[in-house]
>>> print(open('start_23.txt').read())   # compact mmCIF, C-alpha atoms (C1' of nucleotides)
# COMPACT_ATOMS: atom_id res chain seq x y z
CA MET A 75 11.07 85.01 -19.38
CA THR A 76 9.54 85.12 -22.81
CA ALA A 77 7.23 82.72 -24.52
CA THR A 78 8.51 80.93 -27.56
CA ARG A 79 7.92 82.75 -30.78
CA ASP A 80 4.81 81.77 -32.72
CA PRO A 81 2.98 84.68 -34.35
CA GLU A 82 0.32 82.72 -36.21
CA GLY A 83 -0.39 80.48 -33.29
CA ARG A 84 -0.63 83.47 -31.04
CA ARG A 85 -3.03 85.26 -33.28
CA LEU A 86 -5.18 82.17 -33.41
CA ARG A 87 -5.11 81.78 -29.64
CA ILE A 88 -6.30 85.34 -29.26
CA VAL A 89 -9.09 84.92 -31.79
CA ARG A 90 -10.22 81.72 -30.15
CA GLY A 91 -10.11 83.36 -26.75
CA ALA A 92 -12.18 86.21 -28.10
CA CYS A 93 -14.77 83.75 -29.40
CA GLU A 94 -15.04 82.13 -25.98
CA VAL A 95 -15.35 85.47 -24.24
CA ILE A 96 -18.02 86.61 -26.69
CA ALA A 97 -19.94 83.41 -26.10
CA GLU A 98 -19.82 83.99 -22.37
CA VAL A 99 -20.41 87.70 -21.94
CA GLY A 100 -21.59 88.91 -25.33
CA VAL A 101 -20.02 91.21 -27.87
CA GLY A 102 -20.66 94.37 -25.90
CA ASN A 103 -18.96 93.22 -22.72
CA THR A 104 -15.89 91.87 -24.42
CA THR A 105 -12.68 93.67 -23.42
CA HIS A 106 -9.01 93.42 -24.25
CA ARG A 107 -8.22 92.20 -20.78
CA LEU A 108 -10.85 89.49 -20.72
CA VAL A 109 -9.65 88.16 -24.05
CA ALA A 110 -6.00 88.33 -23.02
CA ALA A 111 -6.70 86.47 -19.79
CA ARG A 112 -8.74 83.84 -21.57
CA ALA A 113 -6.12 83.36 -24.29
CA GLY A 114 -3.33 83.26 -21.73
CA VAL A 115 -1.37 86.10 -23.31
CA PRO A 116 -0.32 89.47 -21.91
CA LEU A 117 -2.51 92.47 -22.54
CA GLY A 118 -0.08 94.00 -24.99
CA ALA A 119 -0.34 91.03 -27.31
CA THR A 120 -3.96 91.78 -28.10
CA THR A 121 -3.16 95.31 -29.18
CA TYR A 122 -0.11 94.20 -31.08
CA TYR A 123 -2.08 91.82 -33.28
CA PHE A 124 -5.23 93.89 -33.62
CA ALA A 125 -5.30 97.61 -34.23
CA SER A 126 -8.39 98.13 -32.12
CA LEU A 127 -10.94 96.25 -30.09
CA ASP A 128 -13.38 96.48 -32.96
CA ASP A 129 -10.87 94.76 -35.18
CA LEU A 130 -10.42 92.06 -32.61
CA VAL A 131 -14.13 91.41 -32.26
CA ALA A 132 -14.57 91.54 -36.02
CA ALA A 133 -11.80 88.98 -36.44
CA ALA A 134 -13.48 86.72 -33.91
CA LEU A 135 -16.82 86.98 -35.67
CA ALA A 136 -15.15 86.38 -39.01
CA HIS A 137 -13.51 83.32 -37.53
CA ALA A 138 -16.82 82.02 -36.28
CA SER A 139 -18.39 82.72 -39.62
CA ALA A 140 -15.61 80.89 -41.44
CA GLU A 141 -16.13 77.89 -39.21
CA THR A 142 -19.78 77.92 -40.09
CA VAL A 143 -19.08 78.13 -43.80
CA ALA A 144 -16.78 75.16 -43.45
CA LEU A 145 -19.53 73.37 -41.60
CA LEU A 146 -21.90 74.33 -44.37
CA ASP A 147 -19.87 72.34 -46.85
CA GLU A 148 -20.32 69.32 -44.66
CA TRP A 149 -24.04 69.93 -44.44
CA VAL A 150 -24.33 70.10 -48.18
CA ARG A 151 -22.16 67.04 -48.69
CA ARG A 152 -24.06 64.90 -46.25
CA ALA A 153 -27.51 66.10 -47.21
CA ARG A 154 -27.08 66.21 -50.97
CA ASP A 155 -27.86 62.59 -51.67
CA ALA A 156 -29.58 61.71 -48.44
CA LYS A 157 -32.77 59.77 -48.84
CA ASP A 158 -34.00 60.84 -45.45
CA LEU A 159 -33.51 64.59 -45.73
CA PRO A 160 -35.41 65.54 -42.55
CA GLY A 161 -33.46 62.94 -40.63
CA VAL A 162 -30.11 64.19 -41.86
CA LEU A 163 -30.99 67.82 -41.21
CA THR A 164 -32.11 66.92 -37.72
CA ALA A 165 -28.88 65.07 -37.03
CA LEU A 166 -26.81 67.95 -38.37
CA THR A 167 -28.71 70.39 -36.20
CA ALA A 168 -28.10 68.27 -33.14
CA GLU A 169 -24.39 68.15 -33.94
CA TYR A 170 -24.28 71.87 -34.48
CA LEU A 171 -25.93 72.58 -31.14
CA ALA A 172 -23.61 70.19 -29.34
CA ASP A 173 -21.02 72.95 -29.30
CA ARG A 174 -23.19 75.45 -27.48
CA SER A 175 -20.43 77.98 -27.14
CA ARG A 176 -19.76 78.28 -30.85
CA ALA A 177 -23.46 78.33 -31.64
CA LEU A 178 -23.92 81.21 -29.23
CA VAL A 179 -21.22 83.23 -30.98
CA GLU A 180 -22.99 82.57 -34.24
CA TYR A 181 -26.24 83.95 -32.99
CA GLU A 182 -24.47 86.84 -31.35
CA LEU A 183 -23.07 87.57 -34.78
CA TYR A 184 -26.50 87.17 -36.28
CA LEU A 185 -27.97 89.80 -34.00
CA ALA A 186 -25.00 92.12 -34.35
CA ALA A 187 -25.58 92.02 -38.09
CA ALA A 188 -28.97 93.57 -37.47
CA ARG A 189 -27.19 96.76 -36.42
CA SER A 190 -24.04 96.87 -38.51
CA PRO A 191 -24.47 96.18 -42.21
CA GLN A 192 -20.79 95.28 -42.55
CA LEU A 193 -21.49 92.12 -40.60
CA ARG A 194 -24.49 91.29 -42.73
CA GLY A 195 -22.36 89.39 -45.20
CA PHE A 196 -21.49 86.83 -42.57
CA ALA A 197 -25.10 86.34 -41.61
CA LEU A 198 -26.06 86.01 -45.24
CA ALA A 199 -23.49 83.29 -45.81
CA TRP A 200 -25.45 80.93 -43.64
CA VAL A 201 -28.91 81.76 -44.89
CA GLU A 202 -27.91 81.68 -48.53
CA GLY A 203 -25.68 78.67 -48.12
CA VAL A 204 -28.35 76.45 -46.66
CA GLY A 205 -31.07 78.15 -48.65
CA ASP A 206 -29.48 77.65 -52.03
CA PHE A 207 -28.71 74.05 -51.41
CA LEU A 208 -32.16 73.22 -50.11
CA SER A 209 -33.74 75.26 -52.83
CA ALA A 210 -32.10 73.20 -55.53
CA ARG A 211 -33.37 70.08 -53.90
CA VAL A 212 -36.92 70.87 -52.78
CA GLY A 213 -37.75 74.19 -54.38
CA PRO A 214 -37.61 77.73 -53.00
CA ARG A 215 -40.76 77.68 -50.91
CA ALA A 216 -40.03 74.52 -49.01
CA ALA A 217 -36.39 75.58 -48.66
CA ALA A 218 -37.28 78.91 -47.09
CA ALA A 219 -39.76 77.23 -44.78
CA ALA A 220 -37.23 74.63 -43.68
CA LEU A 221 -34.65 77.32 -43.07
CA ALA A 222 -37.06 79.21 -40.85
CA VAL A 223 -37.81 76.03 -38.92
CA LEU A 224 -34.10 75.37 -38.41
CA ASP A 225 -33.28 78.93 -37.35
CA GLY A 226 -36.25 79.19 -35.04
CA THR A 227 -35.53 75.85 -33.45
CA MET A 228 -31.88 76.64 -32.82
CA LEU A 229 -32.72 80.02 -31.38
CA GLN A 230 -35.19 78.49 -28.97
CA VAL A 231 -32.79 75.79 -27.88
CA LEU A 232 -30.03 78.31 -27.25
CA THR A 233 -32.13 80.86 -25.41
CA LEU A 234 -34.30 78.57 -23.34
CA GLY A 235 -31.46 76.25 -22.49
CA ALA A 236 -33.61 73.26 -23.27
CA ALA A 237 -32.42 70.20 -25.09
CA LEU A 238 -33.19 69.77 -28.76
CA ASP A 239 -36.38 67.80 -29.33
CA GLU A 240 -35.18 65.79 -32.29
CA GLU A 241 -38.46 64.07 -32.89
CA GLN A 242 -40.24 67.38 -33.01
CA LEU A 243 -37.72 68.90 -35.40
CA ARG A 244 -37.92 65.91 -37.67
CA TRP A 245 -41.67 66.11 -37.66
CA SER A 246 -41.61 69.81 -38.50
CA LEU A 247 -39.17 69.32 -41.34
CA GLU A 248 -41.14 66.46 -42.78
CA ARG A 249 -44.21 68.58 -42.72
CA VAL A 250 -42.51 71.51 -44.35
CA LEU A 251 -40.60 69.56 -46.97
CA GLY A 252 -43.70 67.56 -47.69
CA SER A 253 -43.90 65.44 -50.78
CA ALA A 254 -40.51 66.63 -51.97
CA VAL A 255 -39.11 64.04 -49.62
CA SER A 256 -39.16 60.41 -50.56
CA MET B 49 -34.81 125.86 -13.61
CA THR B 50 -36.23 122.54 -12.64
CA ALA B 51 -38.54 120.27 -14.54
CA THR B 52 -42.02 119.76 -13.18
CA ARG B 53 -42.31 116.92 -10.75
CA ASP B 54 -43.46 113.63 -12.22
CA PRO B 55 -41.75 110.57 -10.74
CA GLU B 56 -43.70 107.90 -12.57
CA GLY B 57 -43.47 109.68 -15.87
CA ARG B 58 -39.79 110.17 -15.36
CA ARG B 59 -39.19 106.56 -14.60
CA LEU B 60 -41.11 105.61 -17.69
CA ARG B 61 -39.16 108.06 -19.81
CA ILE B 62 -35.93 106.52 -18.61
CA VAL B 63 -37.12 102.98 -19.26
CA ARG B 64 -38.28 103.90 -22.73
CA GLY B 65 -35.02 105.64 -23.42
CA ALA B 66 -33.17 102.56 -22.28
CA CYS B 67 -35.21 100.43 -24.67
CA GLU B 68 -34.32 102.68 -27.56
CA VAL B 69 -30.65 102.69 -26.65
CA ILE B 70 -30.61 98.92 -26.32
CA ALA B 71 -32.24 98.60 -29.70
CA GLU B 72 -29.56 100.81 -31.22
CA VAL B 73 -26.34 99.72 -29.56
CA GLY B 74 -27.20 96.47 -27.82
CA VAL B 75 -27.37 95.54 -24.15
CA GLY B 76 -23.62 95.47 -23.68
CA ASN B 77 -22.98 98.97 -24.96
CA THR B 78 -25.77 100.59 -23.02
CA THR B 79 -24.56 103.20 -20.51
CA HIS B 80 -26.14 105.54 -18.00
CA ARG B 81 -25.12 108.53 -20.05
CA LEU B 82 -26.55 107.25 -23.30
CA VAL B 83 -29.85 106.47 -21.65
CA ALA B 84 -29.98 109.80 -19.86
CA ALA B 85 -29.26 111.71 -23.05
CA ARG B 86 -31.86 109.75 -24.96
CA ALA B 87 -34.48 110.18 -22.27
CA GLY B 88 -33.67 113.86 -21.93
CA VAL B 89 -32.96 113.67 -18.20
CA PRO B 90 -29.83 114.52 -16.27
CA LEU B 91 -27.39 111.75 -15.48
CA GLY B 92 -28.27 111.73 -11.82
CA ALA B 93 -31.86 110.82 -12.56
CA THR B 94 -30.89 107.42 -13.90
CA THR B 95 -29.06 106.51 -10.73
CA TYR B 96 -31.78 107.95 -8.57
CA TYR B 97 -34.45 105.70 -10.06
CA PHE B 98 -32.34 102.60 -10.55
CA ALA B 99 -29.86 101.26 -8.04
CA SER B 100 -27.44 100.09 -10.72
CA LEU B 101 -27.04 99.85 -14.45
CA ASP B 102 -28.01 96.21 -14.31
CA ASP B 103 -31.26 97.17 -12.67
CA LEU B 104 -31.88 99.75 -15.35
CA VAL B 105 -31.27 97.31 -18.18
CA ALA B 106 -33.32 94.65 -16.43
CA ALA B 107 -36.19 97.13 -16.06
CA ALA B 108 -35.98 97.95 -19.75
CA LEU B 109 -36.04 94.30 -20.72
CA ALA B 110 -38.91 93.68 -18.33
CA HIS B 111 -40.74 96.56 -19.93
CA ALA B 112 -40.19 95.14 -23.40
CA SER B 113 -41.30 91.74 -22.19
CA ALA B 114 -44.44 93.20 -20.65
CA GLU B 115 -45.26 94.89 -23.93
CA THR B 116 -44.89 91.57 -25.66
CA VAL B 117 -47.14 89.83 -23.18
CA ALA B 118 -49.74 92.52 -23.77
CA LEU B 119 -49.33 91.97 -27.47
CA LEU B 120 -49.69 88.28 -26.88
CA ASP B 121 -53.18 88.80 -25.54
CA GLU B 122 -54.06 90.50 -28.78
CA TRP B 123 -52.60 87.66 -30.78
CA VAL B 124 -54.65 85.13 -28.89
CA ARG B 125 -57.79 87.21 -29.15
CA ARG B 126 -57.50 87.76 -32.86
CA ALA B 127 -56.35 84.26 -33.71
CA ARG B 128 -58.61 82.30 -31.43
CA ASP B 129 -61.62 82.13 -33.67
CA ALA B 130 -59.94 82.98 -36.94
CA LYS B 131 -60.91 80.79 -39.83
CA ASP B 132 -57.76 81.62 -41.71
CA LEU B 133 -55.18 80.94 -39.02
CA PRO B 134 -52.08 81.18 -41.25
CA GLY B 135 -53.35 84.45 -42.66
CA VAL B 136 -53.96 85.95 -39.24
CA LEU B 137 -50.60 84.82 -37.92
CA THR B 138 -48.91 86.29 -40.97
CA ALA B 139 -50.66 89.60 -40.50
CA LEU B 140 -49.78 89.68 -36.81
CA THR B 141 -46.16 88.97 -37.62
CA ALA B 142 -46.06 91.79 -40.13
CA GLU B 143 -47.52 94.15 -37.56
CA TYR B 144 -45.03 93.02 -34.98
CA LEU B 145 -42.09 93.61 -37.27
CA ALA B 146 -43.37 97.04 -38.25
CA ASP B 147 -41.86 98.36 -35.03
CA ARG B 148 -38.36 97.19 -35.80
CA SER B 149 -36.86 98.90 -32.78
CA ARG B 150 -39.02 97.09 -30.28
CA ALA B 151 -38.60 93.80 -32.05
CA LEU B 152 -34.84 94.20 -31.85
CA VAL B 153 -35.01 94.71 -28.10
CA GLU B 154 -37.06 91.57 -27.88
CA TYR B 155 -34.47 89.51 -29.66
CA GLU B 156 -31.70 91.15 -27.70
CA LEU B 157 -33.56 89.98 -24.63
CA TYR B 158 -33.94 86.57 -26.16
CA LEU B 159 -30.22 86.22 -26.63
CA ALA B 160 -29.36 87.72 -23.27
CA ALA B 161 -31.55 85.05 -21.72
CA ALA B 162 -29.19 82.47 -23.14
CA ARG B 163 -26.57 83.71 -20.71
CA SER B 164 -28.48 84.82 -17.65
CA PRO B 165 -31.13 82.43 -16.35
CA GLN B 166 -32.90 85.24 -14.53
CA LEU B 167 -33.96 86.62 -17.89
CA ARG B 168 -35.15 83.27 -19.09
CA GLY B 169 -38.59 83.81 -17.65
CA PHE B 170 -39.18 86.68 -20.02
CA ALA B 171 -38.11 84.65 -23.01
CA LEU B 172 -40.33 81.80 -21.88
CA ALA B 173 -43.35 84.06 -21.68
CA TRP B 174 -43.38 84.45 -25.42
CA VAL B 175 -42.66 80.86 -26.34
CA GLU B 176 -45.15 79.44 -23.89
CA GLY B 177 -47.74 82.10 -24.57
CA VAL B 178 -47.92 81.49 -28.27
CA GLY B 179 -47.17 77.81 -27.85
CA ASP B 180 -50.00 77.09 -25.42
CA PHE B 181 -52.53 78.93 -27.45
CA LEU B 182 -51.55 77.29 -30.72
CA SER B 183 -51.26 73.96 -29.01
CA ALA B 184 -54.85 74.06 -27.85
CA ARG B 185 -55.95 74.83 -31.34
CA VAL B 186 -53.83 72.63 -33.59
CA GLY B 187 -52.06 70.21 -31.29
CA PRO B 188 -48.58 70.32 -29.76
CA ARG B 189 -46.59 69.19 -32.79
CA ALA B 190 -48.02 71.66 -35.25
CA ALA B 191 -47.88 74.37 -32.61
CA ALA B 192 -44.18 73.85 -31.97
CA ALA B 193 -43.47 73.75 -35.68
CA ALA B 194 -45.40 76.97 -36.31
CA LEU B 195 -43.60 78.64 -33.43
CA ALA B 196 -40.25 77.70 -34.92
CA VAL B 197 -41.32 79.06 -38.29
CA LEU B 198 -42.41 82.33 -36.72
CA ASP B 199 -39.26 82.75 -34.64
CA GLY B 200 -36.95 81.83 -37.49
CA THR B 201 -38.71 84.13 -39.91
CA MET B 202 -38.61 87.09 -37.56
CA LEU B 203 -34.96 86.51 -36.77
CA GLN B 204 -34.07 86.47 -40.45
CA VAL B 205 -36.06 89.59 -41.21
CA LEU B 206 -34.40 91.46 -38.35
CA THR B 207 -30.86 90.36 -39.03
CA LEU B 208 -30.84 90.50 -42.80
CA GLY B 209 -32.76 93.74 -42.92
CA ALA B 210 -35.00 92.34 -45.61
CA ALA B 211 -38.72 92.88 -45.81
CA LEU B 212 -41.07 90.18 -44.59
CA ASP B 213 -42.16 87.88 -47.39
CA GLU B 214 -45.75 87.50 -46.32
CA GLU B 215 -46.65 85.03 -49.03
CA GLN B 216 -43.76 82.81 -48.03
CA LEU B 217 -44.66 82.94 -44.36
CA ARG B 218 -48.26 82.15 -45.10
CA TRP B 219 -47.20 79.22 -47.24
CA SER B 220 -44.91 77.89 -44.52
CA LEU B 221 -47.58 78.16 -41.87
CA GLU B 222 -50.16 76.45 -44.04
CA ARG B 223 -47.77 73.65 -44.64
CA VAL B 224 -46.92 73.28 -40.98
CA LEU B 225 -50.42 73.61 -39.63
CA GLY B 226 -51.66 71.27 -42.30
CA SER B 227 -55.11 69.78 -42.10
CA ALA B 228 -55.72 71.34 -38.73
CA VAL B 229 -56.61 74.43 -40.69
CA SER B 230 -59.97 74.68 -42.33
C1' DT C 5 29.17 86.03 -34.33
C1' DT C 6 26.90 90.13 -35.26
C1' DT C 7 23.03 92.62 -36.43
C1' DG C 8 18.52 93.93 -37.70
C1' DT C 9 13.80 93.02 -37.30
C1' DA C 10 9.75 91.07 -35.77
C1' DC C 11 7.78 89.71 -31.68
C1' DT C 12 7.12 89.89 -26.48
C1' DT C 13 5.95 91.98 -22.22
C1' DG C 14 4.98 95.12 -18.81
C1' DT C 15 3.58 99.65 -17.83
C1' DA C 16 1.65 104.27 -18.35
C1' DC C 17 -1.99 107.35 -19.39
C1' DA C 18 -6.07 109.61 -21.12
C1' DT C 19 -10.92 108.51 -21.48
C1' DT C 20 -15.05 106.52 -20.35
C1' DT C 21 -18.06 104.74 -17.06
C1' DG C 22 -20.65 103.56 -12.75
C1' DT C 23 -22.05 105.56 -8.83
C1' DA C 24 -22.06 108.53 -4.73
C1' DC C 25 -22.93 112.99 -3.05
C1' DT C 26 -24.25 117.89 -2.50
C1' DT C 27 -27.17 121.44 -3.29
C1' DG C 28 -31.43 123.23 -4.80
C1' DT C 29 -36.54 122.89 -5.55
C1' DA C 30 -41.46 121.56 -5.61
C1' DC C 31 -45.33 119.67 -3.13
C1' DG C 32 -48.06 117.46 0.55
C1' DT C 33 -48.97 118.21 5.61
C1' DC C 34 -49.62 120.75 9.59
C1' DG D 20 -47.43 130.24 5.80
C1' DA D 21 -43.83 126.89 7.68
C1' DC D 22 -41.68 122.70 7.10
C1' DG D 23 -40.18 118.14 6.05
C1' DT D 24 -39.82 114.85 2.45
C1' DA D 25 -39.26 113.21 -2.04
C1' DC D 26 -37.44 114.55 -6.30
C1' DA D 27 -34.27 117.30 -9.63
C1' DA D 28 -29.78 118.37 -11.28
C1' DG D 29 -25.13 119.12 -11.40
C1' DT D 30 -20.60 117.52 -9.94
C1' DA D 31 -16.94 114.59 -8.20
C1' DC D 32 -14.28 110.57 -8.00
C1' DA D 33 -12.64 105.86 -8.11
C1' DA D 34 -12.46 101.96 -11.11
C1' DA D 35 -12.24 99.98 -15.59
C1' DT D 36 -10.88 100.22 -20.21
C1' DG D 37 -8.66 101.25 -24.88
C1' DT D 38 -4.47 102.18 -26.54
C1' DA D 39 0.30 103.93 -26.89
C1' DC D 40 4.91 103.12 -25.77
C1' DA D 41 9.49 101.73 -24.04
C1' DA D 42 12.51 98.16 -23.11
C1' DG D 43 13.81 93.55 -23.73
C1' DT D 44 14.23 89.09 -26.44
C1' DA D 45 14.35 85.46 -29.95
C1' DC D 46 15.33 84.27 -34.56
C1' DA D 47 16.85 84.77 -39.41
C1' DA D 48 20.31 86.69 -42.35
C1' DA D 49 24.90 88.35 -43.15
>>> encode(input="start_23.txt", output="structure tokens")
Amino acid sequence: MTATRDPEGRRLRIVRGACEVIAEVGVGNTTHRLVAARAGVPLGATTYYFASLDDLVAAALAHASAETVALLDEWVRRARDAKDLPGVLTALTAEYLADRSRALVEYELYLAAARSPQLRGFALAWVEGVGDFLSARVGPRAAAAALAVLDGTMLQVLTLGAALDEEQLRWSLERVLGSAVS
Amino acid sequence: MTATRDPEGRRLRIVRGACEVIAEVGVGNTTHRLVAARAGVPLGATTYYFASLDDLVAAALAHASAETVALLDEWVRRARDAKDLPGVLTALTAEYLADRSRALVEYELYLAAARSPQLRGFALAWVEGVGDFLSARVGPRAAAAALAVLDGTMLQVLTLGAALDEEQLRWSLERVLGSAVS
DNA sequence: TTTGTACTTGTACATTTGTACTTGTACGTC
DNA sequence: GACGTACAAGTACAAATGTACAAGTACAAA
């Protein structure tokens, strides 16, 4: 018995499976077999679509990064004309953290970038994306401060397993953005 | 030829080697052989002192955490009566990041805690340590905000490989700590 | 229908890895 | 000095893993 033919779908299944595995066990413990089992494809499929395990992991991280960039567009769109900037940023953060699995892959990617410069571009996409947008709106200093608040808050939520304290985040952002906010 | 006998020193050498290896390749890619080579001990020594690889990694993370707790005491001591709290915190952050290798292990531990609750205690030590101290001095809201700023800033410096912008950090902290500062 | 190609699937194999084990050695105890 | 114990160091081996490969299968083109 053979599965119906669907190369693109298959590749996507594998990449998605890889993302889930990375979120669960981390980049270092990700294996062909774990990904194959998670994606529901035979082992050979993972080596057919990706030349090596590194390629597979890189594709998964690229996928996660692309999702974030897409999300970034939404952030910019919704925050551009918002009157209540801290409120919108807080809401967006809460939405982002709702998918804990994806967020974990993101931060896994973040940390992996610390060791391999070729991944740094992905990490930069986020920082520069949010940074540039905020910078244009509230100036570079406040933008950098807000970005640090957001990154630090998300990291703490992910690692400590606690729920996001939206009131606290809003308060912090208001403080940091200061008079730039209406 | 046999090395001179020194159980405690040996154990420490192995733990330190493990920390270095973790900083370089990450928790997931850490192996007995890498640690042994780095520590300059035969392979058998790593299994003699640690029942399993998990134990070895856990010991290394515990070691890193203990170092941080020790550092925490210094932070509290130096910041307790400081007139210029943002300035002192900025200086302490710069000092902390000077040892990039150790800082990386810390954040590796941070992220690992997201997946294994038994590591969460170590991650909590930092957050609660700094948090409680700051909280007593500037109130819970400003303390949490400052903690997020510090965590986010350090994460960005580590992952992007950029130098710490001390002026920016100082500005952010002043903004967050607000009137609580002299 | 026939055929070629891209895809599928299962398996095989060399390598790496965790860990146990054996042998040798230093040091406290008598 | 003799001796037992805790440590040192090398080796062995089973399990896991990355990857190559052979054989089969679906689908488009002719």
>>> atom_distance(input="start_23.txt", atom1="C1' of DA10 in chain C", atom2="C1' of DA49 in chain D")
17.1 Å
>>> residues_around(input="start_23.txt", residues="Leu224 in chain A", least_positions_apart="5", cutoff="9 Å", atoms="all atoms listed in the file", output="VMD selection string")
(chain A and resid 163 to 164 167 219 229 243 247) or (chain B and resid 196 to 197 200)
>>> residues_around(input="start_23.txt", residues="DT26 in chain C", least_positions_apart="5", cutoff="12 Å", atoms="all atoms listed in the file", output="PDB file with C-alpha atoms (C1' of nucleotides), in the coordinates of the input")
ATOM      1  CA  GLY B  92     -28.270 111.730 -11.820  1.00  0.00           C
TER       2      GLY B  92
ATOM      3  C1'  DA D  28     -29.780 118.370 -11.280  1.00  0.00           C
ATOM      4  C1'  DG D  29     -25.130 119.120 -11.400  1.00  0.00           C
ATOM      5  C1'  DT D  30     -20.600 117.520  -9.940  1.00  0.00           C
ATOM      6  C1'  DA D  31     -16.940 114.590  -8.200  1.00  0.00           C
TER       7       DA D  31
END
>>> interface_residues(input="start_23.txt", of="chain A", to="chain B", cutoff="6 Å", atoms="all atoms listed in the file", output="list in words")
Gly102, Asn103, Leu185, Ala187, Ala188, Ala219, Ala222, Val223, Asp225, Gly226, Thr227, Leu232, Thr233, Ser246, Arg249 and Val250 of chain A
>>> interface_residues(input="start_23.txt", of="chain C", to="chain A", cutoff="10 Å", atoms="all atoms listed in the file", output="ChimeraX atom specification")
/C:10-15
>>> atom_distance(input="start_23.txt", atom1="CA of Gly83 in chain A", atom2="CA of Ala133 in chain A")
14.6 Å
>>> residues_near_point(input="start_23.txt", point="(-16.3, 78.1, -26.8)", cutoff="7 Å", atoms="all atoms listed in the file", output="list in words")
Cys93, Glu94, Ala97, Ser175 and Arg176 of chain A
>>> write_last_selection(input="start_23.txt", atoms="C-alpha atoms", output="PDB file, keeping the file's coordinate frame")
ATOM      1  CA  CYS A  93     -14.770  83.750 -29.400  1.00  0.00           C
ATOM      2  CA  GLU A  94     -15.040  82.130 -25.980  1.00  0.00           C
ATOM      3  CA  ALA A  97     -19.940  83.410 -26.100  1.00  0.00           C
ATOM      4  CA  SER A 175     -20.430  77.980 -27.140  1.00  0.00           C
ATOM      5  CA  ARG A 176     -19.760  78.280 -30.850  1.00  0.00           C
TER       6      ARG A 176
END
>>> build_atoms(input="start_23.txt", residues="range 129-144 of chain B", atoms="N, CA and C atoms", output="short mmCIF file (atom, residue, chain, number, x, y, z; two decimals), in the coordinates of the input")
data_model
loop_
_atom_site.label_atom_id
_atom_site.label_comp_id
_atom_site.auth_asym_id
_atom_site.auth_seq_id
_atom_site.Cartn_x
_atom_site.Cartn_y
_atom_site.Cartn_z
N ASP B 129 -60.50 82.62 -32.87
CA ASP B 129 -61.62 82.13 -33.67
C ASP B 129 -61.41 82.35 -35.17
N ALA B 130 -60.19 82.69 -35.52
CA ALA B 130 -59.94 82.98 -36.94
C ALA B 130 -60.12 81.74 -37.79
N LYS B 131 -60.77 81.92 -38.91
CA LYS B 131 -60.91 80.79 -39.83
C LYS B 131 -59.60 80.58 -40.56
N ASP B 132 -59.01 81.68 -40.96
CA ASP B 132 -57.76 81.62 -41.71
C ASP B 132 -56.58 81.84 -40.77
N LEU B 133 -56.23 80.81 -40.03
CA LEU B 133 -55.18 80.94 -39.02
C LEU B 133 -53.83 81.36 -39.61
N PRO B 134 -53.36 80.74 -40.67
CA PRO B 134 -52.08 81.18 -41.25
C PRO B 134 -52.12 82.64 -41.68
N GLY B 135 -53.22 83.06 -42.23
CA GLY B 135 -53.35 84.45 -42.66
C GLY B 135 -53.27 85.41 -41.50
N VAL B 136 -53.98 85.07 -40.41
CA VAL B 136 -53.96 85.95 -39.24
C VAL B 136 -52.57 86.00 -38.62
N LEU B 137 -51.95 84.85 -38.51
CA LEU B 137 -50.60 84.82 -37.92
C LEU B 137 -49.62 85.62 -38.77
N THR B 138 -49.77 85.52 -40.07
CA THR B 138 -48.91 86.29 -40.97
C THR B 138 -49.12 87.79 -40.78
N ALA B 139 -50.36 88.18 -40.69
CA ALA B 139 -50.66 89.60 -40.50
C ALA B 139 -50.11 90.08 -39.16
N LEU B 140 -50.27 89.29 -38.13
CA LEU B 140 -49.78 89.68 -36.81
C LEU B 140 -48.26 89.81 -36.83
N THR B 141 -47.62 88.90 -37.53
CA THR B 141 -46.16 88.97 -37.62
C THR B 141 -45.72 90.25 -38.32
N ALA B 142 -46.39 90.57 -39.39
CA ALA B 142 -46.06 91.79 -40.13
C ALA B 142 -46.22 93.01 -39.24
N GLU B 143 -47.29 93.02 -38.47
CA GLU B 143 -47.52 94.15 -37.56
C GLU B 143 -46.42 94.23 -36.51
N TYR B 144 -46.06 93.07 -36.01
CA TYR B 144 -45.03 93.02 -34.98
C TYR B 144 -43.71 93.58 -35.49
#
